[in-house]
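Structure file final-v9.txt (compact mmCIF, C-alpha atoms) follows.
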```
# COMPACT_ATOMS: atom_id res chain seq x y z
CA ASP A 1 66.31 224.17 115.94
CA ARG A 2 65.88 227.07 113.55
CA ASP A 3 63.20 229.61 112.81
CA VAL A 4 61.75 228.79 109.36
CA THR A 5 58.85 231.24 109.42
CA GLY A 6 60.88 234.40 108.96
CA VAL A 7 59.37 235.72 112.19
CA GLN A 8 61.84 236.04 115.03
CA THR A 9 59.18 235.42 117.69
CA CYS A 10 58.64 231.87 116.42
CA ALA A 11 61.41 229.33 117.00
CA LEU A 12 59.65 226.02 116.54
CA PRO A 13 61.70 222.87 115.84
CA ILE A 14 62.29 222.71 112.12
CA TYR A 15 60.63 219.29 111.70
CA LEU A 16 57.23 220.26 113.10
CA ILE A 17 56.15 222.71 110.42
CA PRO A 18 56.83 220.42 107.40
CA THR A 19 55.18 217.49 109.21
CA CYS A 20 52.13 219.60 110.04
CA TYR A 21 51.99 220.79 106.44
CA HIS A 22 52.06 217.21 105.14
CA LEU A 23 49.35 216.08 107.55
CA THR A 24 46.92 218.72 106.31
CA ARG A 25 47.81 217.96 102.68
CA VAL A 26 47.13 214.26 103.18
CA LEU A 27 43.75 214.93 104.80
CA ALA A 28 42.82 217.39 102.06
CA GLN A 29 43.70 214.85 99.38
CA MET A 30 41.60 212.23 101.11
CA GLU A 31 38.56 214.51 101.22
CA ALA A 32 39.06 215.36 97.54
CA VAL A 33 38.47 211.70 96.64
CA GLY A 34 35.56 211.25 99.06
CA ILE A 35 37.32 209.69 102.05
CA ALA A 36 37.53 210.73 105.71
CA HIS A 37 39.10 209.09 108.75
CA THR A 38 36.27 210.42 111.04
CA ASP A 39 38.14 209.59 114.27
CA LEU A 40 41.21 211.83 114.16
CA SER A 41 43.27 212.33 117.30
CA PRO A 42 46.97 212.03 118.18
CA GLY A 43 46.37 208.39 119.14
CA ASN A 44 45.36 207.57 115.56
CA LEU A 45 48.42 209.10 113.91
CA ILE A 46 51.93 207.80 113.43
CA LEU A 47 54.40 210.52 112.49
CA ASP A 48 57.70 209.49 110.92
CA LEU A 49 59.67 212.69 111.53
CA SER A 50 62.71 211.48 109.61
CA LYS A 51 60.63 211.09 106.42
CA ARG A 52 58.06 213.80 107.25
CA GLU A 53 55.50 211.03 106.69
CA VAL A 54 52.06 210.77 108.26
CA GLN A 55 50.36 207.41 108.70
CA LEU A 56 46.77 206.91 109.83
CA ILE A 57 45.73 203.95 111.98
CA ASP A 58 42.45 202.63 113.44
CA LEU A 59 40.58 202.75 110.16
CA GLU A 60 37.46 200.81 111.06
CA ASP A 61 35.34 203.98 111.06
CA MET A 62 36.72 205.40 107.81
CA TYR A 63 34.13 207.08 105.60
CA PHE A 64 33.75 206.20 101.92
CA ALA A 65 31.04 207.69 99.75
CA THR A 66 30.02 204.18 98.63
CA LYS A 67 30.19 202.60 102.08
CA PRO A 68 26.84 202.10 103.85
CA ASN A 69 26.15 204.03 107.02
CA PRO A 70 27.56 202.24 110.07
CA ARG A 71 25.19 200.61 112.53
CA PHE A 72 26.87 202.42 115.41
CA GLU A 73 28.14 205.81 114.31
CA ASN A 74 31.44 207.16 115.56
CA LEU A 75 31.10 210.36 117.59
CA GLY A 76 34.72 211.49 117.38
CA VAL A 77 37.20 212.16 120.17
CA PRO A 78 36.65 214.83 122.85
CA GLY A 79 38.95 217.73 122.09
CA TYR A 80 38.64 217.10 118.35
CA ARG A 81 34.86 217.06 118.09
CA PRO A 82 33.21 220.27 116.82
CA LEU A 83 30.23 221.87 118.48
CA SER A 84 27.97 220.87 115.59
CA VAL A 85 28.68 217.17 116.20
CA GLU A 86 27.95 217.58 119.91
CA HIS A 87 24.61 219.06 118.81
CA GLY A 88 23.83 216.04 116.65
CA GLU A 89 25.53 216.51 113.28
CA SER A 90 26.80 213.26 111.78
CA LEU A 91 30.50 212.60 111.22
CA TRP A 92 29.58 210.24 108.39
CA THR A 93 30.63 212.68 105.69
CA ARG A 94 33.65 213.47 103.54
CA SER A 95 34.19 216.72 105.48
CA ALA A 96 34.40 214.91 108.84
CA ASP A 97 38.14 215.58 109.28
CA ARG A 98 38.11 219.33 108.70
CA TYR A 99 37.69 220.44 112.30
CA ALA A 100 39.82 217.73 113.94
CA GLY A 101 42.57 218.12 111.33
CA THR A 102 42.75 221.86 111.93
CA ILE A 103 42.92 221.40 115.71
CA LEU A 104 45.70 218.82 115.30
CA ALA A 105 47.63 221.26 113.11
CA ALA A 106 47.28 223.99 115.75
CA GLU A 107 48.56 221.65 118.45
CA MET A 108 51.56 220.62 116.36
CA LEU A 109 52.49 224.23 115.70
CA LEU A 110 52.19 225.06 119.39
CA PHE A 111 53.80 221.96 120.85
CA SER A 112 57.17 223.62 121.39
CA HIS A 113 55.76 226.93 122.53
CA PRO A 114 57.06 227.37 126.11
CA GLY A 115 53.72 228.75 127.26
CA PHE A 116 51.68 225.85 125.93
CA VAL A 117 53.50 222.60 126.67
CA SER A 118 52.07 222.66 130.19
CA LYS A 119 48.56 223.27 128.86
CA PHE A 120 48.32 219.90 127.15
CA THR A 121 46.05 217.68 129.24
CA GLN A 122 46.34 214.03 128.30
CA GLU A 123 46.65 214.17 124.51
CA SER A 124 44.70 217.32 123.66
CA LEU A 125 44.78 221.05 124.31
CA PHE A 126 40.99 221.02 124.66
CA THR A 127 39.14 218.65 126.97
CA GLY A 128 35.52 217.98 127.77
CA PRO A 129 32.63 219.44 125.73
CA ARG A 130 33.62 221.82 122.93
CA GLY A 131 31.25 224.46 124.29
CA ALA A 132 32.77 224.50 127.77
CA ALA A 133 33.79 227.98 128.93
CA GLU A 134 37.29 226.75 129.77
CA ASN A 135 37.78 225.66 126.14
CA ASP A 136 36.68 229.05 124.80
CA LYS A 137 39.16 230.72 127.14
CA LYS A 138 41.96 228.38 126.12
CA PHE A 139 41.16 228.87 122.44
CA ALA A 140 41.55 232.64 122.84
CA GLU A 141 45.05 232.00 124.23
CA VAL A 142 45.85 229.61 121.37
CA ALA A 143 44.66 232.05 118.71
CA ALA A 144 46.66 234.89 120.27
CA ALA A 145 49.84 232.79 120.39
CA LEU A 146 49.45 231.73 116.74
CA SER A 147 48.44 235.09 115.34
CA GLY A 148 51.99 236.44 115.49
CA PRO A 149 54.03 233.76 113.71
CA PHE A 150 51.08 232.20 111.82
CA PRO A 151 48.50 234.92 111.11
CA ARG A 152 46.90 233.21 108.10
CA PHE A 153 46.66 229.88 109.88
CA ALA A 154 45.23 231.59 112.99
CA ALA A 155 42.47 233.11 110.83
CA VAL A 156 41.61 229.70 109.34
CA LEU A 157 41.64 228.14 112.81
CA SER A 158 39.18 230.76 114.09
CA ARG A 159 36.81 229.99 111.22
CA ALA A 160 36.92 226.28 112.07
CA TRP A 161 36.31 226.98 115.77
CA THR A 162 33.20 229.04 115.11
CA ALA A 163 31.80 227.02 112.17
CA ASP A 164 28.16 225.96 112.52
CA THR A 165 28.61 222.77 110.48
CA LEU A 166 31.42 220.55 109.28
CA ASP A 167 30.97 221.81 105.73
CA ALA A 168 31.34 225.38 107.03
CA CYS A 169 34.79 224.54 108.41
CA PRO A 170 37.61 225.61 106.09
CA HIS A 171 38.76 222.92 103.69
CA LEU A 172 42.02 221.35 104.82
CA ARG A 173 43.56 222.49 101.54
CA ALA A 174 43.06 226.04 102.81
CA VAL A 175 44.76 225.04 106.07
CA SER A 176 47.86 223.68 104.31
CA GLU A 177 47.98 226.74 102.04
CA ALA A 178 47.82 229.02 105.09
CA ILE A 179 50.73 227.19 106.72
CA ALA A 180 52.77 227.49 103.53
CA ALA A 181 51.94 231.19 103.20
CA ASP A 182 52.96 231.85 106.82
CA CYS A 183 56.26 230.03 106.33
CA PRO A 184 58.06 231.46 103.26
CA ALA A 185 61.02 229.16 103.82
CA LEU A 186 58.88 225.99 103.95
CA GLN A 187 59.48 224.92 100.35
CA GLY A 188 63.21 225.38 100.85
CA VAL A 189 63.10 223.23 103.98
CA LEU A 190 61.22 220.51 102.09
CA ALA A 191 63.67 220.68 99.20
CA ARG A 192 66.71 220.43 101.50
CA SER A 193 65.18 217.46 103.30
CA GLY A 194 64.50 215.67 100.02
CA VAL A 195 60.81 215.32 100.79
CA LYS A 196 58.48 215.17 97.81
CA PRO A 197 54.79 216.21 97.85
CA SER A 198 52.91 213.70 99.94
CA ARG A 199 50.18 211.26 99.05
CA PRO A 200 47.91 209.62 101.60
CA VAL A 201 49.66 206.86 103.55
CA ILE A 202 47.60 204.27 105.39
CA ASN A 203 49.50 201.83 107.60
CA GLY A 204 52.62 202.24 105.48
CA SER A 205 51.02 201.75 102.04
CA ARG A 206 50.39 204.62 99.68
CA SER A 207 46.74 205.06 98.74
CA PRO A 208 45.64 201.41 99.07
CA PHE A 209 42.08 202.67 99.52
CA LEU A 210 42.00 203.95 95.93
CA PRO A 211 41.84 200.64 93.99
CA ASN A 212 42.07 200.73 90.22
CA ALA A 213 39.68 198.79 87.99
CA ARG A 214 41.98 195.77 87.75
CA LYS A 215 42.30 195.40 91.51
CA LEU A 216 38.54 195.74 91.89
CA SER A 217 37.91 193.10 89.24
CA LEU A 218 40.31 190.67 90.96
CA LEU A 219 38.58 191.28 94.28
CA VAL A 220 35.15 190.59 92.79
CA ALA A 221 36.47 187.40 91.15
CA LEU A 222 37.91 186.22 94.46
CA VAL A 223 34.61 186.78 96.23
CA ILE A 224 32.76 184.81 93.52
CA VAL A 225 35.19 181.89 93.88
CA LEU A 226 34.82 181.84 97.67
CA VAL A 227 31.03 181.90 97.41
CA ALA A 228 31.12 179.06 94.88
CA PHE A 229 33.27 176.91 97.20
CA TYR A 230 30.93 177.68 100.08
CA LEU A 231 27.86 176.57 98.09
CA ILE A 232 29.62 173.35 97.00
CA PHE A 233 30.48 172.65 100.62
CA LEU A 234 26.83 173.11 101.64
CA ASP A 235 25.66 170.69 98.93
CA HIS A 236 27.91 168.00 100.39
```
Output the structure of this file as structure tokens.
Amino acid sequence: DRDVTGVQTCALPIYLIPTCYHLTRVLAQMEAVGIAHTDLSPGNLILDLSKREVQLIDLEDMYFATKPNPRFENLGVPGYRPLSVEHGESLWTRSADRYAGTILAAEMLLFSHPGFVSKFTQESLFTGPRGAAENDKKFAEVAAALSGPFPRFAAVLSRAWTADTLDACPHLRAVSEAIAADCPALQGVLARSGVKPSRPVINGSRSPFLPNARKLSLLVALVIVLVAFYLIFLDH
């Protein structure tokens, strides 16, 4: 393990920072095209550390701008649910992943910190309601630990923690840019590992949720054929 931040007080495993960077890039790219997972937590991520690749699973609650509102709306996962959602704000929005994605990034950057491994309860640093006093106390510890090696990221994290709405949370593009700015050697690490800039990966396929016109036309034609067969079957 080597220190890639240029700060001697931070000696995180070399794979965690690039993987964290790619996660936030993927989520930012998804929001840019009007898509959000809406149910982010460690249990809904698959990290391929050898490829620095992030895959998202459990996509039944994924938000699309053209998708109708769900009958039963997802409320997010405790520990990754912002205060505004606990107060009634809907996660059915393209900015739904901003808070949870930032919290996940903070946990990844802290996972090897000797003072924080023991603070993980179940799968999250934060448990119970977001507004619980114990979570505010733990967040102060998290922010203090990150402010040395990752000052720009720590500032973005604090903005997400105190945001009144999901839209007020920093865009995940700002999160990835903060990580890159805090880690001057990051691009060199990515270059040495042969990793190219990431695109969203869903269950192993790159951007299948962004169909082009031809794919959409084929899908519509298939639906028409199936409906026609169904009507013929009813007539007989």
Exercise for review: Go through A:Thr93, A:Thr162, A:Ser147, A:Asn44 and flag the residue nearest Thr66 of chain A, using all atoms listed in the file for the distances.
Suggested key: A:Thr93
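Closest approach to Ala32 of chain A among A:Val142, A:Phe126, A:Ile17, A:Ala65: A:Ala65, based on all atoms listed in the file.
Minimum atom-to-atom distances from A:Pro170, A:Gly43, A:Gly88, A:Pro184 to Leu56 of chain A were compared using all atoms listed in the file, and the lowest value belongs to A:Gly43.
With distances restricted to only C-alpha atoms, A:Gly101 is the closest residue to Arg173 of chain A from A:Gly101, A:Gly34, A:Gly131, A:Gly76.
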Practice item. Could you check which of A:Leu75, A:Leu23, A:Val33, A:Ile57 is closest to Ile103 of chain A, using all atoms listed in the file? Key: A:Leu23
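Considering the residues A:Leu110, A:Asp97, A:Arg159, A:Phe153 and counting all atoms listed in the file, Leu27 of chain A has its shortest atom-to-atom contact with A:Asp97.
What separates atom CA of Val26 of chain A from atom CA of Ala96 of chain A is a distance of 13.9 Å.
Taking atom CA of Glu86 of chain A and atom CA of Arg152 of chain A as endpoints, the distance between them is 27.3 Å.
Between atom CA of Cys20 of chain A and atom CA of Ala105 of chain A lies a distance of 5.7 Å.
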Check your understanding: If you count all atoms listed in the file, which residues fall within 10 Å of Tyr63 of chain A, apart from same-chain ones fewer than 3 positions away, as a list in words?
Key -> Glu31, Gly34, Ile35, Ala36, His37, Thr38, Asp39, Leu59, Glu60, Thr66, Lys67, Pro68, Asn69, Pro70, Leu91, Trp92, Thr93, Arg94, Ser95 and Ala96 of chain A
Could you take the residues named above and write them with C-alpha atoms, as an mmCIF file, in the frame of the given file?
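And here is the file that came out, part-v7.cif:
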```cif
data_model
loop_
_atom_site.group_PDB
_atom_site.id
_atom_site.type_symbol
_atom_site.label_atom_id
_atom_site.label_comp_id
_atom_site.auth_asym_id
_atom_site.auth_seq_id
_atom_site.Cartn_x
_atom_site.Cartn_y
_atom_site.Cartn_z
ATOM 1 C CA GLU A 31 38.560 214.510 101.220
ATOM 2 C CA GLY A 34 35.560 211.250 99.060
ATOM 3 C CA ILE A 35 37.320 209.690 102.050
ATOM 4 C CA ALA A 36 37.530 210.730 105.710
ATOM 5 C CA HIS A 37 39.100 209.090 108.750
ATOM 6 C CA THR A 38 36.270 210.420 111.040
ATOM 7 C CA ASP A 39 38.140 209.590 114.270
ATOM 8 C CA LEU A 59 40.580 202.750 110.160
ATOM 9 C CA GLU A 60 37.460 200.810 111.060
ATOM 10 C CA THR A 66 30.020 204.180 98.630
ATOM 11 C CA LYS A 67 30.190 202.600 102.080
ATOM 12 C CA PRO A 68 26.840 202.100 103.850
ATOM 13 C CA ASN A 69 26.150 204.030 107.020
ATOM 14 C CA PRO A 70 27.560 202.240 110.070
ATOM 15 C CA LEU A 91 30.500 212.600 111.220
ATOM 16 C CA TRP A 92 29.580 210.240 108.390
ATOM 17 C CA THR A 93 30.630 212.680 105.690
ATOM 18 C CA ARG A 94 33.650 213.470 103.540
ATOM 19 C CA SER A 95 34.190 216.720 105.480
ATOM 20 C CA ALA A 96 34.400 214.910 108.840
#
```
